[in-house]
Amino acid sequence: MRIIRAADCLSMPWKNGGGTTTEIAVAPEGASLNDFDWRISMAHVGQDGPFSSFPGIDRTLSVLTGAGITLAFGDGERMRLDRSSAPYAFAADRAVDGLLVDGPIDDLNVMSRRGRWRHRVERLSGAGSLDANEGLLFLVACKGDWQVNGAALSAGDSAVLDAPGRAELAASGSEAELYAVWLTAI
């Protein structure tokens with residue numbers, strides 16, 4: 001198991017000035033936004049605006065803080081996401097604008113290259129066990145203090161397990177929240 005500390009993650013402003021992204025992990029290591037196989041990041045969204053298009057990429061978005069965001073797709077579909085919403089998967093090459101509900105949000109963004117990798121995201125709020133049967137299992141702590149196989153994770157920290165593996169989770173505090181991300185090569 002590897003630990004990625006929040007303090008070691010690189011944050012960068014968006015080109016349009018509307019927010020920042022903190023990259024947690026990308027594969028292959030050092031890949032650009034044009035040639036990654038998968039990428040996990042957190043973003044601070046400070047204003048309404050279009051999402052960047054990523055041809056051939058599948059994306060899952062989860063709202064971590066704030067009142068929420070409405071995804072307004074170019075084909076007319078609208079999806080409102082807030083902290084109680086399940087992680088929402090969509091094609092990252094669809095035209096979409098993000099409309100903030102009531103002020104800034106922070107989100108977790110997981111992307112994988114269609115045809116090479118697939119991913120699944122689940123929000124967890126308490127103790128339990130998770131299996132990594134194939135590929136990788138990322139555990140991203142968002143609120144509270146967590147123990148993963150005895151290793152401490154604070155908010156923003158992540159643990160990475162290679163398959164086959166098992167994660168034993170313990171959380172302190174009633175509001176603890178962690179996201180599990182399974183990444184599998186196709």
# chains A, B, ... in the order shown; residues from 1 in each chain; ligands from 1
>>> select_by_dssp(residues="region 97-148 of chain A", states="strand (DSSP E or B)", output="PyMOL selection string")
chain A and resi 97-100+105-113+117-124+128-132+136-148
>>> residues_around(residues="region 95-97 of chain A", least_positions_apart="4", cutoff="7 Å", atoms="only C-alpha atoms", output="list in words")
Gly49, Pro50, Phe51, Ser53, Leu71, Ala72, Phe73 and Gly74 of chain A
>>> write_last_selection(atoms="N, CA, C and O atoms", output="mmCIF file, in the first residue's frame")
data_model
loop_
_atom_site.group_PDB
_atom_site.id
_atom_site.type_symbol
_atom_site.label_atom_id
_atom_site.label_comp_id
_atom_site.auth_asym_id
_atom_site.auth_seq_id
_atom_site.Cartn_x
_atom_site.Cartn_y
_atom_site.Cartn_z
ATOM 1 N N GLY A 49 -18.971 28.052 -15.682
ATOM 2 C CA GLY A 49 -18.193 28.016 -16.907
ATOM 3 C C GLY A 49 -18.205 26.651 -17.551
ATOM 4 O O GLY A 49 -18.674 25.670 -16.966
ATOM 5 N N PRO A 50 -17.665 26.582 -18.774
ATOM 6 C CA PRO A 50 -17.622 25.310 -19.497
ATOM 7 C C PRO A 50 -16.572 24.361 -18.912
ATOM 8 O O PRO A 50 -15.529 24.809 -18.444
ATOM 9 N N PHE A 51 -16.885 23.078 -18.956
ATOM 10 C CA PHE A 51 -15.897 22.055 -18.605
ATOM 11 C C PHE A 51 -14.959 21.886 -19.791
ATOM 12 O O PHE A 51 -15.379 21.997 -20.943
ATOM 13 N N SER A 53 -13.100 19.812 -22.516
ATOM 14 C CA SER A 53 -13.442 18.575 -23.214
ATOM 15 C C SER A 53 -12.225 17.653 -23.236
ATOM 16 O O SER A 53 -11.112 18.097 -23.504
ATOM 17 N N LEU A 71 -24.951 20.494 -13.968
ATOM 18 C CA LEU A 71 -24.277 20.226 -15.229
ATOM 19 C C LEU A 71 -25.291 20.446 -16.343
ATOM 20 O O LEU A 71 -26.318 19.765 -16.395
ATOM 21 N N ALA A 72 -25.024 21.423 -17.199
ATOM 22 C CA ALA A 72 -25.910 21.754 -18.319
ATOM 23 C C ALA A 72 -25.231 21.276 -19.601
ATOM 24 O O ALA A 72 -24.317 21.925 -20.118
ATOM 25 N N PHE A 73 -25.668 20.106 -20.088
ATOM 26 C CA PHE A 73 -25.058 19.494 -21.263
ATOM 27 C C PHE A 73 -25.552 20.164 -22.540
ATOM 28 O O PHE A 73 -26.678 20.682 -22.593
ATOM 29 N N GLY A 74 -24.725 20.150 -23.573
ATOM 30 C CA GLY A 74 -25.044 20.776 -24.847
ATOM 31 C C GLY A 74 -26.272 20.200 -25.522
ATOM 32 O O GLY A 74 -26.914 20.875 -26.323
#
>>> closest_atom_pairs(of="region 34-104 of chain A", to="region 124-139 of chain A", cutoff="12 Å", atoms="only C-alpha atoms", output="Markdown table")
| residue | atom | partner | partner_atom | distance |
| --- | --- | --- | --- | --- |
| A:Trp38 | CA | A:Leu136 | CA | 11.2 |
| A:Arg39 | CA | A:Phe138 | CA | 11.2 |
| A:Ile40 | CA | A:Phe138 | CA | 9.1 |
| A:Ser41 | CA | A:Phe138 | CA | 11.6 |
| A:Ser84 | CA | A:Leu124 | CA | 11.8 |
| A:Ala86 | CA | A:Leu124 | CA | 10.6 |
| A:Pro87 | CA | A:Leu124 | CA | 11.2 |
>>> residues_around(residues="Arg118 (chain A)", least_positions_apart="2", cutoff="6 Å", atoms="only C-alpha atoms", output="ChimeraX atom specification")
/A:112,183-184
>>> closest_residue(among="A:Ser85, A:Asn149, A:Thr22, A:Ser52", to="Thr65 (chain A)", atoms="only C-alpha atoms")
A:Ser85
>>> atom_distance(atom1="CA of Asp82 (chain A)", atom2="CA of Val101 (chain A)")
8.8 Å
>>> residues_around(residues="Ala152 (chain A)", least_positions_apart="3", cutoff="12 Å", atoms="only C-alpha atoms", output="mmCIF file with N, CA, C and O atoms, in the first residue's frame")
data_model
loop_
_atom_site.group_PDB
_atom_site.id
_atom_site.type_symbol
_atom_site.label_atom_id
_atom_site.label_comp_id
_atom_site.auth_asym_id
_atom_site.auth_seq_id
_atom_site.Cartn_x
_atom_site.Cartn_y
_atom_site.Cartn_z
ATOM 1 N N ARG A 2 0.498 2.212 -0.824
ATOM 2 C CA ARG A 2 1.204 3.493 -0.882
ATOM 3 C C ARG A 2 0.286 4.590 -0.341
ATOM 4 O O ARG A 2 -0.914 4.552 -0.563
ATOM 5 N N ILE A 3 0.882 5.571 0.304
ATOM 6 C CA ILE A 3 0.134 6.721 0.825
ATOM 7 C C ILE A 3 0.537 7.961 0.027
ATOM 8 O O ILE A 3 1.731 8.199 -0.204
ATOM 9 N N ILE A 4 -0.460 8.736 -0.389
ATOM 10 C CA ILE A 4 -0.219 10.018 -1.053
ATOM 11 C C ILE A 4 -0.760 11.094 -0.117
ATOM 12 O O ILE A 4 -1.960 11.139 0.155
ATOM 13 N N ARG A 5 0.123 11.931 0.398
ATOM 14 C CA ARG A 5 -0.274 13.000 1.311
ATOM 15 C C ARG A 5 -0.749 14.216 0.525
ATOM 16 O O ARG A 5 -0.166 14.570 -0.499
ATOM 17 N N LEU A 139 -8.156 5.122 -2.260
ATOM 18 C CA LEU A 139 -9.032 5.554 -1.181
ATOM 19 C C LEU A 139 -8.677 7.001 -0.880
ATOM 20 O O LEU A 139 -7.562 7.292 -0.444
ATOM 21 N N VAL A 140 -9.609 7.913 -1.151
ATOM 22 C CA VAL A 140 -9.372 9.347 -1.007
ATOM 23 C C VAL A 140 -10.173 9.847 0.187
ATOM 24 O O VAL A 140 -11.412 9.853 0.153
ATOM 25 N N ALA A 141 -9.473 10.240 1.254
ATOM 26 C CA ALA A 141 -10.134 10.746 2.459
ATOM 27 C C ALA A 141 -10.551 12.197 2.226
ATOM 28 O O ALA A 141 -9.737 13.025 1.831
ATOM 29 N N GLY A 144 -12.801 14.008 7.963
ATOM 30 C CA GLY A 144 -12.513 13.173 9.116
ATOM 31 C C GLY A 144 -11.154 12.505 9.027
ATOM 32 O O GLY A 144 -10.394 12.720 8.088
ATOM 33 N N ASP A 145 -10.869 11.713 10.036
ATOM 34 C CA ASP A 145 -9.621 10.956 10.098
ATOM 35 C C ASP A 145 -9.921 9.483 9.870
ATOM 36 O O ASP A 145 -10.874 8.947 10.431
ATOM 37 N N TRP A 146 -9.100 8.847 9.056
ATOM 38 C CA TRP A 146 -9.304 7.459 8.664
ATOM 39 C C TRP A 146 -8.073 6.629 8.990
ATOM 40 O O TRP A 146 -6.964 7.138 9.025
ATOM 41 N N GLN A 147 -8.300 5.351 9.162
ATOM 42 C CA GLN A 147 -7.242 4.350 9.241
ATOM 43 C C GLN A 147 -7.488 3.364 8.109
ATOM 44 O O GLN A 147 -8.605 2.850 7.964
ATOM 45 N N VAL A 148 -6.479 3.144 7.291
ATOM 46 C CA VAL A 148 -6.554 2.162 6.207
ATOM 47 C C VAL A 148 -5.437 1.165 6.448
ATOM 48 O O VAL A 148 -4.246 1.516 6.382
ATOM 49 N N ASN A 149 -5.819 -0.056 6.785
ATOM 50 C CA ASN A 149 -4.840 -1.099 7.127
ATOM 51 C C ASN A 149 -3.834 -0.575 8.151
ATOM 52 O O ASN A 149 -2.637 -0.841 8.058
ATOM 53 N N ALA A 155 -7.911 14.341 5.934
ATOM 54 C CA ALA A 155 -8.629 14.865 4.765
ATOM 55 C C ALA A 155 -7.635 15.287 3.693
ATOM 56 O O ALA A 155 -6.660 15.978 3.967
ATOM 57 N N GLY A 156 -7.875 14.813 2.474
ATOM 58 C CA GLY A 156 -7.010 15.113 1.338
ATOM 59 C C GLY A 156 -5.959 14.059 1.057
ATOM 60 O O GLY A 156 -5.369 14.045 -0.022
ATOM 61 N N ASP A 157 -5.696 13.181 2.020
ATOM 62 C CA ASP A 157 -4.725 12.104 1.819
ATOM 63 C C ASP A 157 -5.376 10.939 1.086
ATOM 64 O O ASP A 157 -6.598 10.759 1.136
ATOM 65 N N SER A 158 -4.552 10.127 0.434
ATOM 66 C CA SER A 158 -5.047 8.949 -0.295
ATOM 67 C C SER A 158 -4.177 7.734 -0.009
ATOM 68 O O SER A 158 -2.992 7.867 0.280
ATOM 69 N N ALA A 159 -4.795 6.570 -0.099
ATOM 70 C CA ALA A 159 -4.078 5.303 -0.031
ATOM 71 C C ALA A 159 -4.314 4.576 -1.349
ATOM 72 O O ALA A 159 -5.400 4.656 -1.921
ATOM 73 N N GLU A 168 -8.860 -2.564 5.111
ATOM 74 C CA GLU A 168 -9.664 -2.521 6.329
ATOM 75 C C GLU A 168 -9.749 -1.060 6.744
ATOM 76 O O GLU A 168 -8.723 -0.412 6.973
ATOM 77 N N LEU A 169 -10.976 -0.526 6.800
ATOM 78 C CA LEU A 169 -11.201 0.897 7.048
ATOM 79 C C LEU A 169 -11.775 1.135 8.424
ATOM 80 O O LEU A 169 -12.676 0.422 8.861
ATOM 81 N N ALA A 170 -11.271 2.178 9.086
ATOM 82 C CA ALA A 170 -11.839 2.662 10.342
ATOM 83 C C ALA A 170 -11.866 4.182 10.245
ATOM 84 O O ALA A 170 -10.943 4.802 9.717
ATOM 85 N N ALA A 171 -12.950 4.786 10.739
ATOM 86 C CA ALA A 171 -13.110 6.236 10.675
ATOM 87 C C ALA A 171 -13.406 6.786 12.052
ATOM 88 O O ALA A 171 -14.051 6.132 12.865
ATOM 89 N N SER A 172 -12.923 8.004 12.307
ATOM 90 C CA SER A 172 -13.284 8.676 13.555
ATOM 91 C C SER A 172 -14.161 9.868 13.208
ATOM 92 O O SER A 172 -13.919 10.572 12.234
#
